[in-house]
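Asks: I have a structure I would like to understand better, so I am pasting it below and will then ask my questions one at a time.
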Amino acid sequence: MFGNDEEREQFFEVARAQAQAEFEADGTNAQALVRWGGALLELAHFKSGASSTIMIQEAILKLNQALEIDADRPDAQWCLGNAYTALGFLCGDKPLALAEFKRAEDCFRVCTAKDPNNDSYKKAIEMSQKAPEYWDEIQSHISAQVCGEGRGVQSAAAIAAVTITRAVLML
């Protein structure tokens, strides 16, 4: 579908703008908010450090807003769980990261309760439970990179977080 990262980024920027326009035209359109939040989450992968974190937090706001309009949306919960997972991987502090992973797991459990036959939701719970292990591994790689190459911790963390989060989102 996408030839390169630039095309992918352009696609999600257009999707974000379209969803935003649809929601601005109809302030009760929960589906537009879910698409807006999902596009922001995808666009966050093209950012680093604080810019990525801020974009993920914006996605979380849009997804929560969608759930305020229509609480019975597993797609919003699914995206919200993925956003919390991404945010957890960007945390440099383990207790904060673990709290985000727990929030993600809670979202995936809501999805599973609404659609118990959906294997993707079940797999997401498993992955969120493994996230702390992945977080530890990322942190050890970051430490090695910082010591060996002199790279900035935040830059290395952002690269590692995006890599792992993309893998988790492709379940």
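Going through the structure tokens in order, the chains are called A, B, and so on, while each chain numbers its residues from 1 and the ligands are numbered from 1 in the order shown.
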Using only C-alpha atoms, which residues sit within 10 Å of A:Ala113 once same-chain residues fewer than 5 positions away are excluded, as a list in words?
Replies: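 Counting only C-alpha atoms, the residues come to Pro74, Cys107, Phe108, Asn118, Tyr121 and Lys122 of chain A.
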Asks: Please, could you write that set of residues out with C-alpha atoms as a PDB file, in the first residue's frame?
Replies:
ATOM      1  CA  PRO A  74     -14.304  -1.662  20.713  1.00  0.00           C
ATOM      2  CA  CYS A 107      -8.522  -1.403  27.197  1.00  0.00           C
ATOM      3  CA  PHE A 108      -7.841  -4.705  25.440  1.00  0.00           C
ATOM      4  CA  ASN A 118     -11.750 -11.708  18.304  1.00  0.00           C
ATOM      5  CA  TYR A 121      -7.956  -8.615  21.059  1.00  0.00           C
ATOM      6  CA  LYS A 122      -6.786 -11.731  22.913  1.00  0.00           C
TER       7      LYS A 122
END
Asks: Using only C-alpha atoms, can you tell me which of A:Val34, A:Ile54, A:Leu41, A:Leu96 comes closest to A:Asp75?
Replies: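 For A:Asp75, the nearest of the given residues is A:Val34.
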Asks: Ranking A:Ile125, A:Ile60, A:Ala104, A:Leu67 by minimum distance to A:Gly81 and counting only C-alpha atoms, which one comes first?
Replies: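 Smallest separation from A:Gly81 among the options: A:Ala104.
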Asks: Tell me which of A:Ser143, A:Ala21, A:Cys111, A:Glu100 sits closest to A:Gln129, counting only C-alpha atoms.
Replies: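 The shortest atom-to-atom distance to A:Gln129 comes from A:Glu100.
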Asks: Could you please determine the separation between atom CA of A:Ala30 and atom CA of A:Lys62 in Å, to one decimal place?
Replies: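 Going from atom CA of A:Ala30 over to atom CA of A:Lys62 covers 9.2 Å.
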Asks: I'd like the contact shell of A:Arg103 - 10 Å cut-off, only C-alpha atoms, skipping same-chain residues fewer than 5 positions apart - returned as a PyMOL selection string.
Replies: chain A and resi 80-85+88+97-98+108-109+128
Asks: Output all heavy atoms for every residue in that selection, as a PDB file, in the first residue's frame.
Replies:
ATOM      1  N   LEU A  80      -7.088   3.002  21.702  1.00  0.00           N
ATOM      2  CA  LEU A  80      -6.659   3.567  22.981  1.00  0.00           C
ATOM      3  C   LEU A  80      -5.621   2.650  23.642  1.00  0.00           C
ATOM      4  O   LEU A  80      -4.595   3.124  24.157  1.00  0.00           O
ATOM      5  CB  LEU A  80      -7.881   3.762  23.886  1.00  0.00           C
ATOM      6  CG  LEU A  80      -7.711   4.600  25.136  1.00  0.00           C
ATOM      7  CD1 LEU A  80      -7.194   5.993  24.826  1.00  0.00           C
ATOM      8  CD2 LEU A  80      -9.047   4.681  25.872  1.00  0.00           C
ATOM      9  N   GLY A  81      -5.849   1.351  23.605  1.00  0.00           N
ATOM     10  CA  GLY A  81      -4.880   0.406  24.147  1.00  0.00           C
ATOM     11  C   GLY A  81      -3.539   0.503  23.430  1.00  0.00           C
ATOM     12  O   GLY A  81      -2.472   0.484  24.054  1.00  0.00           O
ATOM     13  N   ASN A  82      -3.590   0.638  22.117  1.00  0.00           N
ATOM     14  CA  ASN A  82      -2.351   0.785  21.346  1.00  0.00           C
ATOM     15  C   ASN A  82      -1.643   2.099  21.682  1.00  0.00           C
ATOM     16  O   ASN A  82      -0.417   2.145  21.746  1.00  0.00           O
ATOM     17  CB  ASN A  82      -2.633   0.691  19.854  1.00  0.00           C
ATOM     18  CG  ASN A  82      -2.959  -0.726  19.439  1.00  0.00           C
ATOM     19  OD1 ASN A  82      -2.358  -1.677  19.916  1.00  0.00           O
ATOM     20  ND2 ASN A  82      -3.924  -0.876  18.558  1.00  0.00           N
ATOM     21  N   ALA A  83      -2.414   3.150  21.923  1.00  0.00           N
ATOM     22  CA  ALA A  83      -1.824   4.438  22.293  1.00  0.00           C
ATOM     23  C   ALA A  83      -1.131   4.345  23.651  1.00  0.00           C
ATOM     24  O   ALA A  83      -0.004   4.835  23.821  1.00  0.00           O
ATOM     25  CB  ALA A  83      -2.895   5.530  22.308  1.00  0.00           C
ATOM     26  N   TYR A  84      -1.784   3.706  24.618  1.00  0.00           N
ATOM     27  CA  TYR A  84      -1.160   3.539  25.935  1.00  0.00           C
ATOM     28  C   TYR A  84       0.099   2.675  25.842  1.00  0.00           C
ATOM     29  O   TYR A  84       1.090   2.934  26.535  1.00  0.00           O
ATOM     30  CB  TYR A  84      -2.141   2.930  26.940  1.00  0.00           C
ATOM     31  CG  TYR A  84      -3.216   3.885  27.401  1.00  0.00           C
ATOM     32  CD1 TYR A  84      -4.548   3.492  27.444  1.00  0.00           C
ATOM     33  CD2 TYR A  84      -2.906   5.180  27.806  1.00  0.00           C
ATOM     34  CE1 TYR A  84      -5.535   4.357  27.877  1.00  0.00           C
ATOM     35  CE2 TYR A  84      -3.893   6.057  28.235  1.00  0.00           C
ATOM     36  CZ  TYR A  84      -5.206   5.634  28.273  1.00  0.00           C
ATOM     37  OH  TYR A  84      -6.178   6.493  28.705  1.00  0.00           O
ATOM     38  N   THR A  85       0.074   1.661  24.989  1.00  0.00           N
ATOM     39  CA  THR A  85       1.258   0.833  24.787  1.00  0.00           C
ATOM     40  C   THR A  85       2.410   1.675  24.241  1.00  0.00           C
ATOM     41  O   THR A  85       3.531   1.615  24.755  1.00  0.00           O
ATOM     42  CB  THR A  85       0.949  -0.339  23.830  1.00  0.00           C
ATOM     43  OG1 THR A  85      -0.091  -1.138  24.386  1.00  0.00           O
ATOM     44  CG2 THR A  85       2.184  -1.202  23.586  1.00  0.00           C
ATOM     45  N   GLY A  88       3.767   3.927  26.867  1.00  0.00           N
ATOM     46  CA  GLY A  88       4.583   3.177  27.818  1.00  0.00           C
ATOM     47  C   GLY A  88       5.995   2.966  27.320  1.00  0.00           C
ATOM     48  O   GLY A  88       6.964   3.118  28.070  1.00  0.00           O
ATOM     49  N   ALA A  97       5.920   3.564  32.910  1.00  0.00           N
ATOM     50  CA  ALA A  97       5.720   2.676  31.765  1.00  0.00           C
ATOM     51  C   ALA A  97       4.773   1.532  32.130  1.00  0.00           C
ATOM     52  O   ALA A  97       3.853   1.208  31.369  1.00  0.00           O
ATOM     53  CB  ALA A  97       7.067   2.128  31.289  1.00  0.00           C
ATOM     54  N   LEU A  98       4.984   0.938  33.303  1.00  0.00           N
ATOM     55  CA  LEU A  98       4.123  -0.169  33.735  1.00  0.00           C
ATOM     56  C   LEU A  98       2.673   0.276  33.883  1.00  0.00           C
ATOM     57  O   LEU A  98       1.751  -0.476  33.552  1.00  0.00           O
ATOM     58  CB  LEU A  98       4.636  -0.758  35.050  1.00  0.00           C
ATOM     59  CG  LEU A  98       5.991  -1.471  34.973  1.00  0.00           C
ATOM     60  CD1 LEU A  98       6.438  -1.915  36.367  1.00  0.00           C
ATOM     61  CD2 LEU A  98       5.947  -2.648  34.014  1.00  0.00           C
ATOM     62  N   PHE A 108      -7.709  -3.482  26.228  1.00  0.00           N
ATOM     63  CA  PHE A 108      -7.841  -4.705  25.440  1.00  0.00           C
ATOM     64  C   PHE A 108      -8.808  -5.690  26.091  1.00  0.00           C
ATOM     65  O   PHE A 108      -9.514  -6.424  25.403  1.00  0.00           O
ATOM     66  CB  PHE A 108      -6.472  -5.346  25.209  1.00  0.00           C
ATOM     67  CG  PHE A 108      -5.527  -4.480  24.403  1.00  0.00           C
ATOM     68  CD1 PHE A 108      -4.199  -4.371  24.771  1.00  0.00           C
ATOM     69  CD2 PHE A 108      -5.960  -3.772  23.288  1.00  0.00           C
ATOM     70  CE1 PHE A 108      -3.317  -3.588  24.041  1.00  0.00           C
ATOM     71  CE2 PHE A 108      -5.094  -2.980  22.552  1.00  0.00           C
ATOM     72  CZ  PHE A 108      -3.762  -2.888  22.928  1.00  0.00           C
ATOM     73  N   ARG A 109      -8.874  -5.686  27.414  1.00  0.00           N
ATOM     74  CA  ARG A 109      -9.833  -6.550  28.107  1.00  0.00           C
ATOM     75  C   ARG A 109     -11.274  -6.097  27.832  1.00  0.00           C
ATOM     76  O   ARG A 109     -12.170  -6.930  27.676  1.00  0.00           O
ATOM     77  CB  ARG A 109      -9.541  -6.589  29.604  1.00  0.00           C
ATOM     78  CG  ARG A 109      -8.310  -7.389  29.934  1.00  0.00           C
ATOM     79  CD  ARG A 109      -8.169  -7.714  31.408  1.00  0.00           C
ATOM     80  NE  ARG A 109      -6.920  -8.403  31.652  1.00  0.00           N
ATOM     81  CZ  ARG A 109      -6.694  -9.677  31.377  1.00  0.00           C
ATOM     82  NH1 ARG A 109      -7.644 -10.413  30.855  1.00  0.00           N
ATOM     83  NH2 ARG A 109      -5.521 -10.220  31.631  1.00  0.00           N
ATOM     84  N   SER A 128       0.427  -7.022  25.721  1.00  0.00           N
ATOM     85  CA  SER A 128       0.527  -5.983  26.754  1.00  0.00           C
ATOM     86  C   SER A 128       1.117  -6.561  28.041  1.00  0.00           C
ATOM     87  O   SER A 128       1.802  -5.864  28.781  1.00  0.00           O
ATOM     88  CB  SER A 128      -0.824  -5.305  27.008  1.00  0.00           C
ATOM     89  OG  SER A 128      -1.766  -6.215  27.524  1.00  0.00           O
TER      90      SER A 128
END
Asks: Check the smallest atom-to-atom distance from each of A:Asp26, A:Gly92, A:Asp70, A:Glu42 to A:Ile142 using only C-alpha atoms, then report the winner.
Replies: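 Ranking A:Asp26, A:Gly92, A:Asp70, A:Glu42 by distance to A:Ile142, first place goes to A:Gly92.
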Asks: Applying 10 Å and only C-alpha atoms, which residues near A:Phe12 remain after dropping the ones on its own chain fewer than 4 positions away? List them as number ranges by chain.
Replies: A: 7-8, 16-18, 35-36, 38-43
Asks: Give me, as a ChimeraX atom specification, the residues of stretch 1-166 of chain A that a backbone DSSP run labels helix (DSSP H, G or I).
Replies: /A:5-25,30-44,49-69,74-90,94-114,119-149,153-166
Asks: What is the atom CA of A:Gln77 to atom CA of A:Leu90 distance in Å?
Replies: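 Going from atom CA of A:Gln77 over to atom CA of A:Leu90, I get 20.0 Å.
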Asks: Which residue, A:Trp78, A:Phe46, A:Phe11, A:Phe23, has the smallest gap to A:Lys123 when you use only C-alpha atoms?
Replies: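 Among A:Trp78, A:Phe46, A:Phe11, A:Phe23, it is A:Trp78 that comes nearest to A:Lys123.
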Asks: Which residue gives the smallest distance to A:Glu126 among A:His45, A:Lys114, A:Lys102, A:His141, with only C-alpha atoms counted?
Replies: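 The answer is A:Lys102, which sits nearest to A:Glu126.
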Asks: To one decimal place in Å, what is the distance between atom CA of A:Ala32 and atom CA of A:Ile56?
Replies: 16.8 Å
